Every structure is written in structure tokens, then in C-alpha cells.
Amino acid sequence: AGGGLGGAIARSLAAEGARVAVADINGEAAQATVDAIVAAGGVAQPLVWDLADLDAIAGHIASIEAELGPIDILVNNTGGPPPTPAAGQAPEAWEQYFRSMVVSVIAVTDAVLPGMRERKWGRIVTSTSSGVVAPIPNLGISNALRLSLVGWSKTLAREVGRDGITANIVLPGRIATNRITFLDEQKAKREGRPVDAVSAESTASIPVGRYGDPAEYGDVVAFLASTRASYLTGSVIRVDGGLIASI
């Protein structure tokens, strides 16, 4: 939550009154998000957290609960792997990103579920990628691994629904973050074109005619985390300006 979509989600939740634990592998980035939340009158705690370090989960959760109280809302938002084709990737690369992008999400969720079940209320929102419904060229590892989280979340939703817990997936389209800038730059480099031309082409493919504002994405997550979304679970929500062509 030190920037991009994660930071926007943290700010949207804080604006609705949530006390937010802001986790990021970059401590300065996490602190910057916390500073923005506090400046707006919210409450937030920064955490330096490497999701690939599964042994750190229990300690981080204990720290959050000691400072902010029980965890009622969990937003799973991981970094993405570098652009790669699906073929020819080393098994070690698949293992590395499976651990940081999939196993970490499942492990953190399993750690907070008992408390949610005991209190009969909880929200689990997992941010993935539009590649899970329309695979993105040259994002082979991301397309494959993030798709596994859709099956996991749908199965989980059926298991915990009677406990007052919802589980949903959110997909970003072209949201104006550093990650999207990086992907545009990489595509321009591969194709030998100016970055501006790549961005303009991408924008032209979006029905609303622009990249999304991260705050728009954060606000959708905040709604899913609210009491008003109590009958919405097991779903995949697209925040894409109409970009994703599949039904």
C-alpha cells in the first residue's frame, strides 16, 4: 500500500473511517501513505512487510491488532512479476512468484479468518489483474498465477459466507499508476516506438477514453469492504472503463 493501487485503496478505506495498516516492502513508501492518511484526519500504521517472508505473518498481524484492533477487512494486493512470455521461464521463477503472489495471500487470509469467523463479520478483497479474464500478452507469469487466486477466492466465498464474511476479486483495467507506466515503457521498448504512441493507442482502446484514477479503484474496494456490500460475494469486479472485451 505504499503507492499505486494499494495506496489508493488505503486512502479510500481511511476516508470511510477505517483504521488502516499500510504494508509495503518499502518502508518510506508505506510511511508516505500513512502521512497522507493522517493529514486527512485518518488513523494508519506503517509496516515494512515482504510478502514472500511467510514467517513474518504472525508478528505483523499481532502488531496490527495491538495498535489498531481486530482485523475486519483484509485487502490482498501484491506486486507483479516482470513482463515475460509464458514459455521458457525457469521453474525457480514460477516458484518465487507463486510464493510471493499466491501462497502469501492465502497464508495471510488464513491468519485473519479465525477472528472474522468468531466475530461473524469480515471482508476479504483480493486485487488481481485484468489478465485473469483476458490474458495480457507478455505477462505470462502474472496471467497464470493471478488466475489461481480467482478460483481460490470463489471457493473461499462459499466456505465462509454463513459466517458473515465476503470474499471478492477486483480487477484493474488501465489505471494510471507507476506499474502501468512501466508496462507502457516496456512495450514501447520491445516494439521500437515512442512511449507516448503506446499510451495513446492504449487510451484509444478504452471506451471511456482515459486511464482510470487510482482513487476510483480504491473507492470500489471501499464499497466492497462496507456493510452495504453484505450480499456481494464470490464475484469478480472489473474497474476498467469498459476496456476488457470479454463478457
# chains A, B, ... in the order shown; residues from 1 in each chain; ligands from 1
$ residues_around --residues "segment 57-61 of chain A" --least-positions-apart "5" --cutoff "8 Å" --atoms "only C-alpha atoms" --output "PyMOL selection string"
chain A and resi 47+49+107-108+111-112
$ residues_around --residues "segment 29-46 of chain A" --least-positions-apart "3" --cutoff "8 Å" --atoms "only C-alpha atoms" --output "list in words"
Ala1, Gly2, Gly3, Gly7, Ala10, Arg11, Ala14, Ala15, Gly17, Ala18, Arg19, Val20, Ala21, Val22, Ala23, Asp24, Asn26, Ile64, Glu67 and Leu68 of chain A
$ closest_residue --among "A:Ala87, A:Ile9, A:Ala62, A:Ile175" --to "Leu74 of chain A" --atoms "only C-alpha atoms"
A:Ile9
$ closest_residue --among "A:Ala144, A:Ala229, A:Val160, A:Leu243" --to "Arg117 of chain A" --atoms "only C-alpha atoms"
A:Val160
$ residues_around --residues "Ile73 of chain A" --least-positions-apart "5" --cutoff "7 Å" --atoms "only C-alpha atoms" --output "number ranges by chain"
A: 122-124, 225
$ closest_residue --among "A:Ser246, A:Ser12, A:Asn178, A:Ser153" --to "Gly131 of chain A" --atoms "only C-alpha atoms"
A:Ser246
$ decode --residues "segment 187-203 of chain A" --atoms "all heavy atoms" --output "compact mmCIF listing (two decimals), in the first residue's frame"
# COMPACT_ATOMS: atom_id res chain seq x y z
N LYS A 187 6.65 -2.03 -23.37
CA LYS A 187 6.07 -2.32 -24.68
C LYS A 187 6.68 -1.42 -25.75
O LYS A 187 7.00 -1.88 -26.85
CB LYS A 187 4.56 -2.12 -24.63
CG LYS A 187 3.86 -2.48 -25.95
CD LYS A 187 2.35 -2.37 -25.84
CE LYS A 187 1.69 -2.77 -27.15
NZ LYS A 187 0.21 -2.69 -27.08
N ALA A 188 6.87 -0.15 -25.42
CA ALA A 188 7.48 0.77 -26.38
C ALA A 188 8.89 0.33 -26.74
O ALA A 188 9.30 0.40 -27.91
CB ALA A 188 7.50 2.18 -25.79
N LYS A 189 9.62 -0.14 -25.74
CA LYS A 189 10.99 -0.60 -25.97
C LYS A 189 11.01 -1.83 -26.87
O LYS A 189 11.82 -1.93 -27.79
CB LYS A 189 11.65 -0.90 -24.63
CG LYS A 189 13.12 -1.28 -24.72
CD LYS A 189 13.71 -1.48 -23.32
CE LYS A 189 15.17 -1.86 -23.39
NZ LYS A 189 15.75 -2.04 -22.02
N ARG A 190 10.11 -2.79 -26.59
CA ARG A 190 10.05 -4.02 -27.39
C ARG A 190 9.70 -3.72 -28.84
O ARG A 190 10.22 -4.36 -29.76
CB ARG A 190 9.01 -4.99 -26.82
CG ARG A 190 9.36 -5.66 -25.53
CD ARG A 190 8.46 -6.87 -25.26
NE ARG A 190 7.05 -6.57 -25.41
CZ ARG A 190 6.27 -6.08 -24.45
NH1 ARG A 190 6.80 -5.81 -23.27
NH2 ARG A 190 4.99 -5.86 -24.65
N GLU A 191 8.79 -2.77 -29.04
CA GLU A 191 8.27 -2.50 -30.38
C GLU A 191 8.99 -1.36 -31.09
O GLU A 191 8.67 -1.03 -32.23
CB GLU A 191 6.77 -2.21 -30.29
CG GLU A 191 5.98 -3.39 -29.75
CD GLU A 191 4.50 -3.10 -29.62
OE1 GLU A 191 4.08 -1.95 -29.92
OE2 GLU A 191 3.75 -4.02 -29.24
N GLY A 192 9.95 -0.73 -30.39
CA GLY A 192 10.69 0.36 -31.01
C GLY A 192 9.84 1.57 -31.32
O GLY A 192 10.03 2.22 -32.36
N ARG A 193 8.91 1.88 -30.43
CA ARG A 193 8.00 3.02 -30.63
C ARG A 193 8.11 3.99 -29.47
O ARG A 193 8.52 3.61 -28.38
CB ARG A 193 6.56 2.53 -30.76
CG ARG A 193 6.28 1.66 -31.97
CD ARG A 193 4.78 1.56 -32.19
NE ARG A 193 4.12 0.78 -31.15
CZ ARG A 193 2.84 0.95 -30.80
NH1 ARG A 193 2.12 1.90 -31.38
NH2 ARG A 193 2.30 0.18 -29.88
N PRO A 194 7.70 5.24 -29.65
CA PRO A 194 7.68 6.18 -28.53
C PRO A 194 6.66 5.76 -27.48
O PRO A 194 5.60 5.21 -27.81
CB PRO A 194 7.27 7.50 -29.19
CG PRO A 194 7.55 7.33 -30.64
CD PRO A 194 7.34 5.87 -30.92
N VAL A 195 6.95 6.04 -26.23
CA VAL A 195 6.03 5.71 -25.14
C VAL A 195 4.71 6.42 -25.32
O VAL A 195 3.63 5.85 -25.07
CB VAL A 195 6.65 6.06 -23.77
CG1 VAL A 195 5.64 5.83 -22.65
CG2 VAL A 195 7.91 5.24 -23.52
N ASP A 196 4.76 7.67 -25.78
CA ASP A 196 3.53 8.43 -25.96
C ASP A 196 2.60 7.76 -26.97
O ASP A 196 1.37 7.78 -26.81
CB ASP A 196 3.84 9.85 -26.43
CG ASP A 196 4.46 10.71 -25.33
OD1 ASP A 196 4.42 10.26 -24.16
OD2 ASP A 196 4.98 11.79 -25.64
N ALA A 197 3.18 7.15 -27.99
CA ALA A 197 2.37 6.48 -29.00
C ALA A 197 1.70 5.23 -28.42
O ALA A 197 0.53 4.94 -28.71
CB ALA A 197 3.24 6.09 -30.20
N VAL A 198 2.45 4.51 -27.59
CA VAL A 198 1.89 3.32 -26.94
C VAL A 198 0.75 3.72 -25.99
O VAL A 198 -0.32 3.10 -25.99
CB VAL A 198 2.99 2.56 -26.18
CG1 VAL A 198 2.38 1.46 -25.29
CG2 VAL A 198 3.99 1.96 -27.16
N SER A 199 0.97 4.76 -25.21
CA SER A 199 -0.06 5.22 -24.27
C SER A 199 -1.30 5.71 -25.01
O SER A 199 -2.43 5.44 -24.59
CB SER A 199 0.49 6.33 -23.37
OG SER A 199 1.57 5.86 -22.59
N ALA A 200 -1.10 6.43 -26.11
CA ALA A 200 -2.23 6.94 -26.88
C ALA A 200 -3.03 5.80 -27.49
O ALA A 200 -4.27 5.83 -27.50
CB ALA A 200 -1.73 7.88 -27.98
N GLU A 201 -2.35 4.79 -27.99
CA GLU A 201 -3.02 3.62 -28.55
C GLU A 201 -3.83 2.91 -27.49
O GLU A 201 -4.97 2.49 -27.73
CB GLU A 201 -1.98 2.68 -29.14
CG GLU A 201 -2.55 1.42 -29.78
CD GLU A 201 -1.43 0.54 -30.30
OE1 GLU A 201 -0.75 -0.13 -29.47
OE2 GLU A 201 -1.24 0.51 -31.52
N SER A 202 -3.23 2.76 -26.28
CA SER A 202 -3.93 2.11 -25.18
C SER A 202 -5.16 2.91 -24.75
O SER A 202 -6.23 2.35 -24.54
CB SER A 202 -2.97 1.94 -23.99
OG SER A 202 -3.61 1.30 -22.92
N THR A 203 -5.00 4.22 -24.66
CA THR A 203 -6.13 5.08 -24.28
C THR A 203 -7.26 4.98 -25.28
O THR A 203 -8.44 4.95 -24.91
CB THR A 203 -5.66 6.55 -24.15
OG1 THR A 203 -4.63 6.63 -23.16
CG2 THR A 203 -6.81 7.46 -23.77
